[in-house]
Each structure stands twice: as C-alpha cells, then as structure tokens.
$ cat input-v3.csv   # CSV, C-alpha atoms
chain,number,residue,atom,x,y,z
E,1,MET,CA,17.2,7.2,24.8
E,2,GLY,CA,13.7,5.8,25.3
E,3,ARG,CA,11.5,4.0,22.8
E,4,LYS,CA,9.6,6.1,20.3
E,5,LYS,CA,6.0,6.9,21.3
E,6,ARG,CA,3.1,6.3,19.0
E,7,ILE,CA,-0.7,6.6,19.3
E,8,PHE,CA,-2.5,4.4,16.8
E,9,ILE,CA,-6.0,5.5,16.0
E,10,LEU,CA,-8.2,2.7,14.8
E,11,SER,CA,-11.7,2.9,13.3
E,12,ASP,CA,-14.2,0.8,11.3
E,13,SER,CA,-14.9,4.0,9.3
E,14,VAL,CA,-12.7,7.0,8.2
E,15,GLY,CA,-11.4,7.6,11.7
E,16,GLU,CA,-12.0,11.4,11.9
E,17,THR,CA,-14.0,11.1,15.1
E,18,ALA,CA,-11.3,9.2,16.8
E,19,GLU,CA,-8.6,11.5,15.6
E,20,HIS,CA,-10.5,14.6,16.8
E,21,VAL,CA,-10.9,13.0,20.3
E,22,VAL,CA,-7.2,12.0,20.4
E,23,ASN,CA,-6.1,15.5,19.3
E,24,ALA,CA,-8.4,17.2,21.8
E,25,VAL,CA,-6.9,15.1,24.7
E,26,THR,CA,-3.2,15.2,23.6
E,27,SER,CA,-3.4,19.0,23.2
E,28,GLN,CA,-3.5,19.2,27.0
E,29,PHE,CA,0.0,17.7,27.1
E,30,SER,CA,3.4,18.7,25.8
E,31,LEU,CA,3.9,15.7,23.6
E,32,THR,CA,6.4,16.8,21.1
E,33,ASP,CA,7.9,13.3,20.6
E,34,VAL,CA,4.7,11.4,19.9
E,35,GLU,CA,3.7,10.2,16.4
E,36,PHE,CA,0.1,9.7,15.4
E,37,HIS,CA,-1.0,6.9,13.0
E,38,ARG,CA,-4.6,6.7,11.8
E,39,ASN,CA,-5.8,3.3,10.6
E,40,PRO,CA,-9.2,3.6,9.0
E,41,TYR,CA,-11.6,0.8,7.9
E,42,VAL,CA,-10.5,-1.8,10.4
E,43,ASN,CA,-13.0,-4.5,9.7
E,44,GLY,CA,-11.3,-7.8,10.4
E,45,VAL,CA,-8.7,-9.7,12.5
E,46,LYS,CA,-6.1,-9.2,9.8
E,47,ASP,CA,-6.4,-5.4,10.0
E,48,ILE,CA,-5.9,-5.6,13.8
E,49,GLU,CA,-2.9,-7.9,13.6
E,50,GLU,CA,-1.1,-5.6,11.2
E,51,VAL,CA,-1.5,-2.7,13.7
E,52,ILE,CA,-0.5,-4.9,16.7
E,53,MET,CA,2.7,-6.0,14.9
E,54,GLU,CA,3.6,-2.4,14.3
E,55,ALA,CA,2.5,-1.1,17.6
E,56,LYS,CA,4.6,-3.5,19.7
E,57,GLU,CA,7.8,-2.1,18.3
E,58,TYR,CA,7.0,1.2,20.0
E,59,GLN,CA,5.8,2.6,23.3
E,60,SER,CA,2.2,2.7,22.0
E,61,ILE,CA,-1.4,3.4,22.8
E,62,LEU,CA,-4.3,2.0,20.6
E,63,ALA,CA,-7.3,4.4,20.7
E,64,TYR,CA,-10.2,3.0,18.8
E,65,THR,CA,-13.8,3.6,17.6
E,66,ILE,CA,-14.9,0.0,16.7
E,67,VAL,CA,-18.4,-1.1,17.4
E,68,ILE,CA,-18.4,-4.8,16.6
E,69,ASP,CA,-17.9,-6.6,20.0
E,70,GLU,CA,-15.9,-9.6,18.6
E,71,LEU,CA,-13.3,-7.2,17.0
E,72,LYS,CA,-13.1,-5.1,20.2
E,73,GLU,CA,-12.6,-8.2,22.3
E,74,TYR,CA,-9.9,-9.5,19.9
E,75,LEU,CA,-8.1,-6.1,19.8
E,76,ASP,CA,-8.2,-5.8,23.6
E,77,ARG,CA,-6.9,-9.4,24.1
E,78,ARG,CA,-4.1,-9.2,21.6
E,79,ALA,CA,-3.0,-5.8,22.8
E,80,ALA,CA,-2.9,-7.1,26.4
E,81,GLU,CA,-0.8,-10.1,25.3
E,82,GLU,CA,1.7,-7.6,23.8
E,83,ASN,CA,1.5,-5.3,26.8
E,84,ILE,CA,-0.1,-2.5,24.7
E,85,LYS,CA,-2.6,0.0,26.2
E,86,THR,CA,-6.0,0.2,24.5
E,87,VAL,CA,-8.6,2.9,24.9
E,88,ASP,CA,-12.2,2.4,23.7
E,89,LEU,CA,-13.3,5.9,22.8
E,90,LEU,CA,-17.0,5.0,22.3
E,91,ASN,CA,-17.7,2.7,25.2
E,92,PRO,CA,-18.3,5.2,28.1
E,93,LEU,CA,-20.8,7.2,26.1
E,94,THR,CA,-22.4,4.1,24.6
E,95,ASN,CA,-23.0,2.7,28.0
E,96,ALA,CA,-24.3,6.0,29.4
E,97,ILE,CA,-26.8,6.3,26.6
E,98,SER,CA,-27.9,2.7,26.9
E,99,GLN,CA,-28.4,2.9,30.6
E,100,SER,CA,-30.0,6.3,30.7
E,101,PHE,CA,-32.4,5.9,27.7
E,102,GLY,CA,-33.0,2.2,27.8
E,103,LYS,CA,-31.7,1.7,24.2
E,104,GLN,CA,-29.3,-0.8,22.9
E,105,PRO,CA,-26.6,0.1,20.3
E,106,ALA,CA,-26.8,-1.5,16.8
E,107,HIS,CA,-23.2,-2.7,16.9
E,108,GLU,CA,-23.2,-2.1,13.1
E,109,ALA,CA,-19.9,-1.1,11.6
E,110,GLY,CA,-19.8,1.7,9.2
E,111,ARG,CA,-22.9,3.6,10.3
E,112,ILE,CA,-20.9,6.8,10.7
E,113,ARG,CA,-19.6,6.2,7.2
E,114,LYS,CA,-23.0,7.4,6.0
E,115,LEU,CA,-22.3,10.6,7.7
E,116,ASP,CA,-18.8,10.7,6.2
E,117,ASP,CA,-20.2,10.1,2.7
E,118,ASP,CA,-22.7,12.9,3.4
E,119,TYR,CA,-19.8,15.2,4.4
E,120,PHE,CA,-17.7,14.4,1.3
E,121,GLN,CA,-20.7,14.9,-1.0
E,122,ARG,CA,-21.3,18.3,0.6
E,123,VAL,CA,-17.6,19.3,0.1
E,124,ALA,CA,-17.8,18.2,-3.5
E,125,ALA,CA,-20.9,20.3,-4.1
E,126,ILE,CA,-19.3,23.4,-2.5
E,127,GLU,CA,-16.2,23.0,-4.7
E,128,PHE,CA,-18.5,22.6,-7.7
E,129,ALA,CA,-20.4,25.8,-6.8
E,130,VAL,CA,-17.1,27.8,-6.5
E,131,LYS,CA,-15.7,26.4,-9.7
E,132,TYR,CA,-18.8,27.2,-11.8
E,133,ASP,CA,-19.8,30.4,-10.2
E,134,ASP,CA,-20.8,33.3,-12.5
E,135,ALA,CA,-20.4,31.1,-15.7
E,136,ARG,CA,-16.6,30.9,-15.2
E,137,ASP,CA,-16.7,27.5,-17.1
E,138,ALA,CA,-19.6,26.7,-19.3
E,139,ARG,CA,-18.8,23.0,-19.1
E,140,GLY,CA,-20.3,22.9,-15.6
E,141,ILE,CA,-23.8,23.7,-16.9
E,142,LEU,CA,-24.5,20.2,-18.2
E,143,LYS,CA,-22.9,18.6,-15.2
E,144,ALA,CA,-24.9,20.6,-12.6
E,145,ASP,CA,-27.9,19.3,-10.7
E,146,LEU,CA,-29.2,22.8,-11.0
E,147,VAL,CA,-28.4,26.0,-12.9
E,148,ILE,CA,-29.5,29.4,-11.5
E,149,ILE,CA,-29.9,32.3,-13.9
E,150,GLY,CA,-30.7,35.9,-13.3
E,151,VAL,CA,-29.3,39.5,-13.4
E,152,SER,CA,-26.6,40.7,-11.1
E,153,ARG,CA,-27.5,41.0,-7.4
E,154,THR,CA,-30.4,38.5,-7.3
E,155,SER,CA,-28.4,36.3,-4.8
E,156,LYS,CA,-27.3,33.7,-7.3
E,157,THR,CA,-24.0,33.0,-5.6
E,158,PRO,CA,-25.4,32.8,-2.0
E,159,LEU,CA,-28.1,30.5,-3.3
E,160,SER,CA,-25.6,28.3,-5.0
E,161,MET,CA,-23.5,28.0,-1.8
E,162,TYR,CA,-26.6,27.4,0.4
E,163,LEU,CA,-27.9,24.6,-2.0
E,164,ALA,CA,-24.3,23.2,-2.1
E,165,HIS,CA,-24.6,22.6,1.6
E,166,LYS,CA,-27.7,20.6,0.8
E,167,ARG,CA,-25.5,18.5,-1.5
E,168,PHE,CA,-26.8,20.1,-4.8
E,169,LYS,CA,-24.2,20.8,-7.4
E,170,VAL,CA,-25.2,24.2,-8.6
E,171,ALA,CA,-23.8,26.5,-11.4
E,172,ASN,CA,-25.0,30.0,-11.9
E,173,ILE,CA,-25.1,32.3,-14.9
E,174,PRO,CA,-25.5,36.1,-14.8
E,175,LEU,CA,-27.7,37.4,-17.5
E,176,VAL,CA,-26.3,40.6,-19.1
E,177,PRO,CA,-27.6,42.2,-22.4
E,178,GLU,CA,-24.1,42.6,-23.8
E,179,VAL,CA,-23.0,39.0,-23.2
E,180,ALA,CA,-24.8,36.1,-24.8
E,181,PRO,CA,-25.4,33.2,-22.3
E,182,PRO,CA,-23.5,30.0,-23.0
E,183,GLU,CA,-25.1,27.8,-25.6
E,184,GLU,CA,-25.1,24.9,-23.1
E,185,LEU,CA,-27.8,26.7,-21.2
E,186,PHE,CA,-30.3,26.0,-24.0
E,187,GLN,CA,-29.3,22.3,-24.1
E,188,LEU,CA,-30.2,21.9,-20.4
E,189,PRO,CA,-33.6,20.3,-19.5
E,190,SER,CA,-35.8,23.1,-18.2
E,191,ASN,CA,-36.4,21.3,-14.9
E,192,ARG,CA,-32.7,21.6,-14.1
E,193,CYS,CA,-32.8,25.4,-14.2
E,194,VAL,CA,-34.4,28.2,-12.2
E,195,GLY,CA,-34.7,31.8,-13.2
E,196,LEU,CA,-34.6,34.5,-10.6
E,197,VAL,CA,-36.5,37.7,-11.1
E,198,ILE,CA,-36.9,40.8,-8.9
E,199,THR,CA,-38.7,44.1,-9.0
E,200,PRO,CA,-36.8,47.1,-10.5
E,201,ASP,CA,-37.2,49.2,-7.4
E,202,LYS,CA,-35.9,46.5,-5.1
E,203,LEU,CA,-32.9,45.8,-7.4
E,204,ASN,CA,-32.2,49.5,-7.6
E,205,GLU,CA,-32.1,49.7,-3.8
E,206,ILE,CA,-29.8,46.6,-3.6
E,207,ARG,CA,-27.4,47.9,-6.2
E,208,LYS,CA,-27.1,51.3,-4.7
E,209,GLU,CA,-26.2,49.7,-1.3
E,210,ARG,CA,-23.6,47.6,-3.2
E,211,LEU,CA,-22.0,50.6,-4.8
E,212,LYS,CA,-22.0,52.4,-1.5
E,213,ALA,CA,-20.2,49.5,0.1
E,214,MET,CA,-17.6,49.6,-2.7
E,215,GLY,CA,-17.1,53.3,-2.1
E,216,LEU,CA,-18.7,54.3,-5.5
E,217,THR,CA,-21.4,56.8,-6.2
E,218,SER,CA,-25.0,55.5,-6.5
E,219,GLY,CA,-25.3,57.4,-9.8
E,220,ALA,CA,-23.3,54.7,-11.7
E,221,THR,CA,-25.0,53.1,-14.7
E,222,TYR,CA,-25.1,49.8,-12.7
E,223,ALA,CA,-27.7,51.2,-10.4
E,224,ARG,CA,-29.7,53.4,-12.8
E,225,LEU,CA,-33.3,52.4,-13.0
E,226,GLU,CA,-33.3,52.6,-16.8
E,227,ARG,CA,-30.4,50.1,-17.0
E,228,ILE,CA,-32.0,47.8,-14.5
E,229,VAL,CA,-35.3,47.7,-16.5
E,230,GLU,CA,-33.3,46.9,-19.6
E,231,GLU,CA,-31.4,44.0,-17.9
E,232,LEU,CA,-34.6,42.6,-16.4
E,233,GLU,CA,-36.4,42.7,-19.8
E,234,TYR,CA,-33.4,40.9,-21.4
E,235,ALA,CA,-33.3,38.3,-18.6
E,236,ASP,CA,-37.1,37.7,-19.0
E,237,LYS,CA,-36.6,36.8,-22.7
E,238,ILE,CA,-33.8,34.4,-21.8
E,239,ILE,CA,-35.7,32.7,-19.0
E,240,LYS,CA,-38.8,32.3,-21.3
E,241,ARG,CA,-36.6,30.8,-24.0
E,242,VAL,CA,-35.1,28.3,-21.5
E,243,GLY,CA,-38.7,27.6,-20.2
E,244,CYS,CA,-37.6,27.0,-16.6
E,245,PRO,CA,-39.4,27.8,-13.3
E,246,VAL,CA,-39.3,31.4,-12.2
E,247,ILE,CA,-38.9,32.7,-8.6
E,248,ASN,CA,-39.4,36.3,-7.6
E,249,VAL,CA,-36.7,37.0,-5.0
E,250,SER,CA,-37.7,40.6,-4.2
E,251,ASN,CA,-38.7,40.0,-0.6
E,252,LYS,CA,-37.2,36.6,0.1
E,253,ALA,CA,-34.3,35.6,2.2
E,254,VAL,CA,-31.7,33.3,0.7
E,255,GLU,CA,-32.9,30.4,2.9
E,256,GLU,CA,-36.5,31.0,1.9
E,257,THR,CA,-35.7,31.1,-1.8
E,258,ALA,CA,-33.5,28.0,-1.5
E,259,ASN,CA,-36.3,26.0,0.1
E,260,TYR,CA,-38.7,27.2,-2.5
E,261,ILE,CA,-36.3,26.2,-5.3
E,262,MET,CA,-36.1,22.7,-3.8
E,263,GLU,CA,-39.9,22.5,-3.6
E,264,VAL,CA,-40.3,23.7,-7.2
E,265,LEU,CA,-37.7,21.1,-8.4
E,266,LYS,CA,-39.6,18.4,-6.6
E,267,MET,CA,-42.8,19.4,-8.4
E,268,GLU,CA,-41.2,19.8,-11.8
E,269,ARG,CA,-39.5,16.5,-11.6
E,270,GLY,CA,-42.4,14.7,-10.0
E,271,THR,CA,-40.2,13.4,-7.1
$ encode --input "input-v3.csv" --output "structure tokens"
Amino acid sequence: MGRKKRIFILSDSVGETAEHVVNAVTSQFSLTDVEFHRNPYVNGVKDIEEVIMEAKEYQSILAYTIVIDELKEYLDRRAAEENIKTVDLLNPLTNAISQSFGKQPAHEAGRIRKLDDDYFQRVAAIEFAVKYDDARDARGILKADLVIIGVSRTSKTPLSMYLAHKRFKVANIPLVPEVAPPEELFQLPSNRCVGLVITPDKLNEIRKERLKAMGLTSGATYARLERIVEELEYADKIIKRVGCPVINVSNKAVEETANYIMEVLKMERGT
C-alpha cells in the first residue's frame, strides 16, 4: 500500500483563490485517494515549517499563493530539502503581466484580503436583507444602514438585495393601512430611511400582472384602484411622519432607483 497523498494549499490570505485553482486542475484527474489541506494566512517561517513537517509524512504537493519573495524562497528551499514538490500558482501570470505591461508587482501580502473582506461584507449584507425583509423582525430596523418603506410592489425587496450587493445592510417595511408600522421606524434618524412612492395607475398595472402570474383574477381587492389610492395615502402620511427622503419609482428600474438612493443618502448625510 502506497503512502497517502495530500495537496497542501498555502496562502498569505484566506486561500480561496489557490483552492479554486487546485480544484479546477484536480477535477481533470481521477484522484479519489488524495486529501486536500488549506493553510491560510501563512505569513512567516514558523507557518511554513509547520506545513513542511506535516507534508513530509505524506506523498505531498505544496501549491501556494504567497507574494513575499523571502517566504517563497524559504518555502521552495525547505520543500526541496524534504523532497516535496512545490507549485507557485501566481508566478507564471505575475511574470507575464510584468513583462507584457512593464509593471512590477507590489509583493505585498494580504492585498487580496481586502477583496476577501469585501466579499464577506457583501455576504453579511445579503443575509441581513433576507432576515429583515418585509418587517419580519423589527429589531433589524435600528441595526440597518438603510430602511426602505413603501406599499406592496414598489420593489422594496429587489432594492434591498441590490443594495446589499453594494454592502449596505438594508431592512424594508411594507406600509399597510391595517397594520401599524413598528415603533422602531419612528426612532430611526430620517437620513437612514427612504420612502418609495408610485402613481396609482402604475401600481394598478403592476399588481394586476402579479395577480395574473399567481393565477388569480385581476379583480381582487389587492389590484383595485380604490384600494391602491387608500394605501398610497396612508403610506404618504407615514413617510411624512418619518420625514425621510422620497423617491418616485413609477418609471425607474431597480438599478436606477438604487443609484438614486445612494446619491440621496450621500446628500442627506453630507458625505
């Protein structure tokens, strides 16, 4: 029986890039007996030695994305001393860019970590938007970067998700005459809230299409013009009480509204 096979993935950051590359390559082989070990945040000789000591016990490959030359040289030298194969996943592309574009790499560890941080912030914002969608939990109102209020079918949820991808933690609250909005809404600074309004005719059209998609008749109360006017008048009172900026979404795409919201927030906050 041969020695166990392992591929060690080393990175000075989280190591996702290296792992994706290794997975892409190994998927071309039938490697049912190979173990993968990711070693993130390798920033010193001690970190490398720990991997070397473990790797030499197996039939191993060290695949790495490390940018500091001294650490790369140390890793390659120690691996060679222990007869362990190393693969620098960044070097071929780094050299190609340097030679083709006449630029030199920064050799700065952790630069990609900024992208990793950006990724995790985006994920956290998306999870927040899902958790506090449609006033499911009023506690999210005071935690949010932004609260969106408006009647049903004014694109509150799509806007929340779009802004979440921009790393805004957004909660949204539907305004319905029969349901009083959470008291937290009136404790919120007005510059952390946006009210969405729409013309009755446009909302009538949108709601009829929604009912049709659900297999219901367009004559339901939800889509009646009288009901829509009642909801919009109620929403207008709440929005004025909150004192927040107002955006008419009648003829705006979600992206356009989102960009406008971000501009309004910048002006309101003076940033």
$ atom_distance --input "input-v3.csv" --atom1 "atom CA of Leu146 of chain E" --atom2 "atom CA of Ala171 of chain E"
6.6 Å
$ closest_residue --input "input-v3.csv" --among "E:Leu196, E:Val14, E:Asn43, E:Arg139" --to "Asp117 of chain E" --atoms "only C-alpha atoms"
E:Val14
$ residues_around --input "input-v3.csv" --residues "segment 28-35 of chain E" --least-positions-apart "4" --cutoff "12 Å" --atoms "all atoms listed in the file" --output "ChimeraX atom specification"
/E:1-9,21-24,55,58-61
$ residues_around --input "input-v3.csv" --residues "Lys46 of chain E" --least-positions-apart "5" --cutoff "12 Å" --atoms "all atoms listed in the file" --output "list of chain:residue names"
E:Tyr41, E:Val51, E:Ile52, E:Met53, E:Leu71, E:Tyr74, E:Leu75, E:Arg78
$ write_last_selection --input "input-v3.csv" --atoms "C-alpha atoms" --output "mmCIF file, keeping the file's coordinate frame"
data_model
loop_
_atom_site.group_PDB
_atom_site.id
_atom_site.type_symbol
_atom_site.label_atom_id
_atom_site.label_comp_id
_atom_site.auth_asym_id
_atom_site.auth_seq_id
_atom_site.Cartn_x
_atom_site.Cartn_y
_atom_site.Cartn_z
ATOM 1 C CA TYR E 41 -11.600 0.800 7.900
ATOM 2 C CA VAL E 51 -1.500 -2.700 13.700
ATOM 3 C CA ILE E 52 -0.500 -4.900 16.700
ATOM 4 C CA MET E 53 2.700 -6.000 14.900
ATOM 5 C CA LEU E 71 -13.300 -7.200 17.000
ATOM 6 C CA TYR E 74 -9.900 -9.500 19.900
ATOM 7 C CA LEU E 75 -8.100 -6.100 19.800
ATOM 8 C CA ARG E 78 -4.100 -9.200 21.600
#
$ residues_near_point --input "input-v3.csv" --point "(-24.0, 24.6, -20.1)" --cutoff "6 Å" --atoms "only C-alpha atoms" --output "VMD selection string"
chain E and resid 138 to 139 141 to 142 184 to 185
$ closest_residue --input "input-v3.csv" --among "E:Gly195, E:Gly102, E:Gly15, E:Gly219" --to "Ile66 of chain E" --atoms "only C-alpha atoms"
E:Gly15
$ residues_around --input "input-v3.csv" --residues "Val264 of chain E" --least-positions-apart "5" --cutoff "9 Å" --atoms "only C-alpha atoms" --output "CSV table (one decimal) with C-alpha atoms, keeping the file's coordinate frame"
chain,number,residue,atom,x,y,z
E,191,ASN,CA,-36.4,21.3,-14.9
E,194,VAL,CA,-34.4,28.2,-12.2
E,245,PRO,CA,-39.4,27.8,-13.3
E,259,ASN,CA,-36.3,26.0,0.1
E,269,ARG,CA,-39.5,16.5,-11.6
$ atom_distance --input "input-v3.csv" --atom1 "atom CA of Lys240 of chain E" --atom2 "atom CA of Ala125 of chain E"
27.6 Å
$ residues_around --input "input-v3.csv" --residues "Arg207 of chain E" --least-positions-apart "4" --cutoff "8 Å" --atoms "only C-alpha atoms" --output "list of chain:residue names"
E:Arg153, E:Leu203, E:Leu211, E:Ser218, E:Tyr222, E:Ala223
$ closest_residue --input "input-v3.csv" --among "E:Thr157, E:Glu70, E:Ile84, E:Ala79" --to "Lys131 of chain E" --atoms "all atoms listed in the file"
E:Thr157
$ closest_residue --input "input-v3.csv" --among "E:Asp201, E:Asp47, E:Glu127, E:Asp134" --to "Glu226 of chain E" --atoms "all atoms listed in the file"
E:Asp201
$ closest_residue --input "input-v3.csv" --among "E:Lys237, E:Ala63, E:Gly243, E:Leu90" --to "Phe186 of chain E" --atoms "all atoms listed in the file"
E:Gly243
$ atom_distance --input "input-v3.csv" --atom1 "atom CA of Val147 of chain E" --atom2 "atom CA of Pro181 of chain E"
12.2 Å
$ residues_around --input "input-v3.csv" --residues "Ile126 of chain E" --least-positions-apart "5" --cutoff "8 Å" --atoms "all atoms listed in the file" --output "list in words"
Met161, Ala164, His165, Arg167 and Lys169 of chain E
$ closest_residue --input "input-v3.csv" --among "E:Leu62, E:Cys193, E:Val67, E:Ala106" --to "Cys244 of chain E" --atoms "only C-alpha atoms"
E:Cys193
$ build_atoms --input "input-v3.csv" --residues "segment 55-80 of chain E" --atoms "N, CA and C atoms" --output "PDB file, keeping the file's coordinate frame"
ATOM      1  N   ALA E  55       2.613  -1.783  16.368  1.00  0.00           N
ATOM      2  CA  ALA E  55       2.500  -1.100  17.600  1.00  0.00           C
ATOM      3  C   ALA E  55       3.484  -1.636  18.696  1.00  0.00           C
ATOM      4  N   LYS E  56       3.739  -2.926  18.668  1.00  0.00           N
ATOM      5  CA  LYS E  56       4.600  -3.500  19.700  1.00  0.00           C
ATOM      6  C   LYS E  56       6.050  -3.148  19.578  1.00  0.00           C
ATOM      7  N   GLU E  57       6.388  -2.553  18.450  1.00  0.00           N
ATOM      8  CA  GLU E  57       7.800  -2.100  18.300  1.00  0.00           C
ATOM      9  C   GLU E  57       8.001  -0.736  18.911  1.00  0.00           C
ATOM     10  N   TYR E  58       6.927  -0.120  19.418  1.00  0.00           N
ATOM     11  CA  TYR E  58       7.000   1.200  20.000  1.00  0.00           C
ATOM     12  C   TYR E  58       6.363   1.236  21.366  1.00  0.00           C
ATOM     13  N   GLN E  59       6.528   2.344  22.071  1.00  0.00           N
ATOM     14  CA  GLN E  59       5.800   2.600  23.300  1.00  0.00           C
ATOM     15  C   GLN E  59       4.423   3.172  22.797  1.00  0.00           C
ATOM     16  N   SER E  60       3.386   2.334  22.787  1.00  0.00           N
ATOM     17  CA  SER E  60       2.200   2.700  22.000  1.00  0.00           C
ATOM     18  C   SER E  60       0.913   2.701  22.869  1.00  0.00           C
ATOM     19  N   ILE E  61      -0.058   3.423  22.343  1.00  0.00           N
ATOM     20  CA  ILE E  61      -1.400   3.400  22.800  1.00  0.00           C
ATOM     21  C   ILE E  61      -2.305   3.147  21.579  1.00  0.00           C
ATOM     22  N   LEU E  62      -3.307   2.270  21.710  1.00  0.00           N
ATOM     23  CA  LEU E  62      -4.300   2.000  20.600  1.00  0.00           C
ATOM     24  C   LEU E  62      -5.604   2.671  21.054  1.00  0.00           C
ATOM     25  N   ALA E  63      -5.972   3.752  20.399  1.00  0.00           N
ATOM     26  CA  ALA E  63      -7.300   4.400  20.700  1.00  0.00           C
ATOM     27  C   ALA E  63      -8.196   4.029  19.524  1.00  0.00           C
ATOM     28  N   TYR E  64      -9.396   3.531  19.862  1.00  0.00           N
ATOM     29  CA  TYR E  64     -10.200   3.000  18.800  1.00  0.00           C
ATOM     30  C   TYR E  64     -11.707   3.396  18.901  1.00  0.00           C
ATOM     31  N   THR E  65     -12.346   3.442  17.731  1.00  0.00           N
ATOM     32  CA  THR E  65     -13.800   3.600  17.600  1.00  0.00           C
ATOM     33  C   THR E  65     -14.282   2.405  16.767  1.00  0.00           C
ATOM     34  N   ILE E  66     -14.389   1.255  17.377  1.00  0.00           N
ATOM     35  CA  ILE E  66     -14.900   0.000  16.700  1.00  0.00           C
ATOM     36  C   ILE E  66     -16.101  -0.440  17.438  1.00  0.00           C
ATOM     37  N   VAL E  67     -17.144  -0.781  16.703  1.00  0.00           N
ATOM     38  CA  VAL E  67     -18.400  -1.100  17.400  1.00  0.00           C
ATOM     39  C   VAL E  67     -18.761  -2.575  17.416  1.00  0.00           C
ATOM     40  N   ILE E  68     -18.079  -3.403  16.626  1.00  0.00           N
ATOM     41  CA  ILE E  68     -18.400  -4.800  16.600  1.00  0.00           C
ATOM     42  C   ILE E  68     -17.678  -5.484  17.825  1.00  0.00           C
ATOM     43  N   ASP E  69     -18.468  -6.086  18.707  1.00  0.00           N
ATOM     44  CA  ASP E  69     -17.900  -6.600  20.000  1.00  0.00           C
ATOM     45  C   ASP E  69     -16.810  -7.626  19.754  1.00  0.00           C
ATOM     46  N   GLU E  70     -16.943  -8.524  18.767  1.00  0.00           N
ATOM     47  CA  GLU E  70     -15.900  -9.600  18.600  1.00  0.00           C
ATOM     48  C   GLU E  70     -14.573  -8.936  18.204  1.00  0.00           C
ATOM     49  N   LEU E  71     -14.601  -7.885  17.389  1.00  0.00           N
ATOM     50  CA  LEU E  71     -13.300  -7.200  17.000  1.00  0.00           C
ATOM     51  C   LEU E  71     -12.752  -6.474  18.192  1.00  0.00           C
ATOM     52  N   LYS E  72     -13.616  -5.822  18.969  1.00  0.00           N
ATOM     53  CA  LYS E  72     -13.100  -5.100  20.200  1.00  0.00           C
ATOM     54  C   LYS E  72     -12.470  -6.076  21.131  1.00  0.00           C
ATOM     55  N   GLU E  73     -13.122  -7.210  21.361  1.00  0.00           N
ATOM     56  CA  GLU E  73     -12.600  -8.200  22.300  1.00  0.00           C
ATOM     57  C   GLU E  73     -11.244  -8.749  21.787  1.00  0.00           C
ATOM     58  N   TYR E  74     -11.173  -9.000  20.488  1.00  0.00           N
ATOM     59  CA  TYR E  74      -9.900  -9.500  19.900  1.00  0.00           C
ATOM     60  C   TYR E  74      -8.816  -8.469  20.048  1.00  0.00           C
ATOM     61  N   LEU E  75      -9.139  -7.214  19.744  1.00  0.00           N
ATOM     62  CA  LEU E  75      -8.100  -6.100  19.800  1.00  0.00           C
ATOM     63  C   LEU E  75      -7.648  -5.991  21.271  1.00  0.00           C
ATOM     64  N   ASP E  76      -8.560  -5.958  22.229  1.00  0.00           N
ATOM     65  CA  ASP E  76      -8.200  -5.800  23.600  1.00  0.00           C
ATOM     66  C   ASP E  76      -7.300  -6.970  24.097  1.00  0.00           C
ATOM     67  N   ARG E  77      -7.681  -8.192  23.686  1.00  0.00           N
ATOM     68  CA  ARG E  77      -6.900  -9.400  24.100  1.00  0.00           C
ATOM     69  C   ARG E  77      -5.527  -9.392  23.527  1.00  0.00           C
ATOM     70  N   ARG E  78      -5.431  -9.157  22.227  1.00  0.00           N
ATOM     71  CA  ARG E  78      -4.100  -9.200  21.600  1.00  0.00           C
ATOM     72  C   ARG E  78      -3.216  -8.064  22.087  1.00  0.00           C
ATOM     73  N   ALA E  79      -3.810  -6.908  22.311  1.00  0.00           N
ATOM     74  CA  ALA E  79      -3.000  -5.800  22.800  1.00  0.00           C
ATOM     75  C   ALA E  79      -2.498  -6.112  24.223  1.00  0.00           C
ATOM     76  N   ALA E  80      -3.339  -6.737  25.056  1.00  0.00           N
ATOM     77  CA  ALA E  80      -2.900  -7.100  26.400  1.00  0.00           C
ATOM     78  C   ALA E  80      -1.779  -8.111  26.364  1.00  0.00           C
TER      79      ALA E  80
END
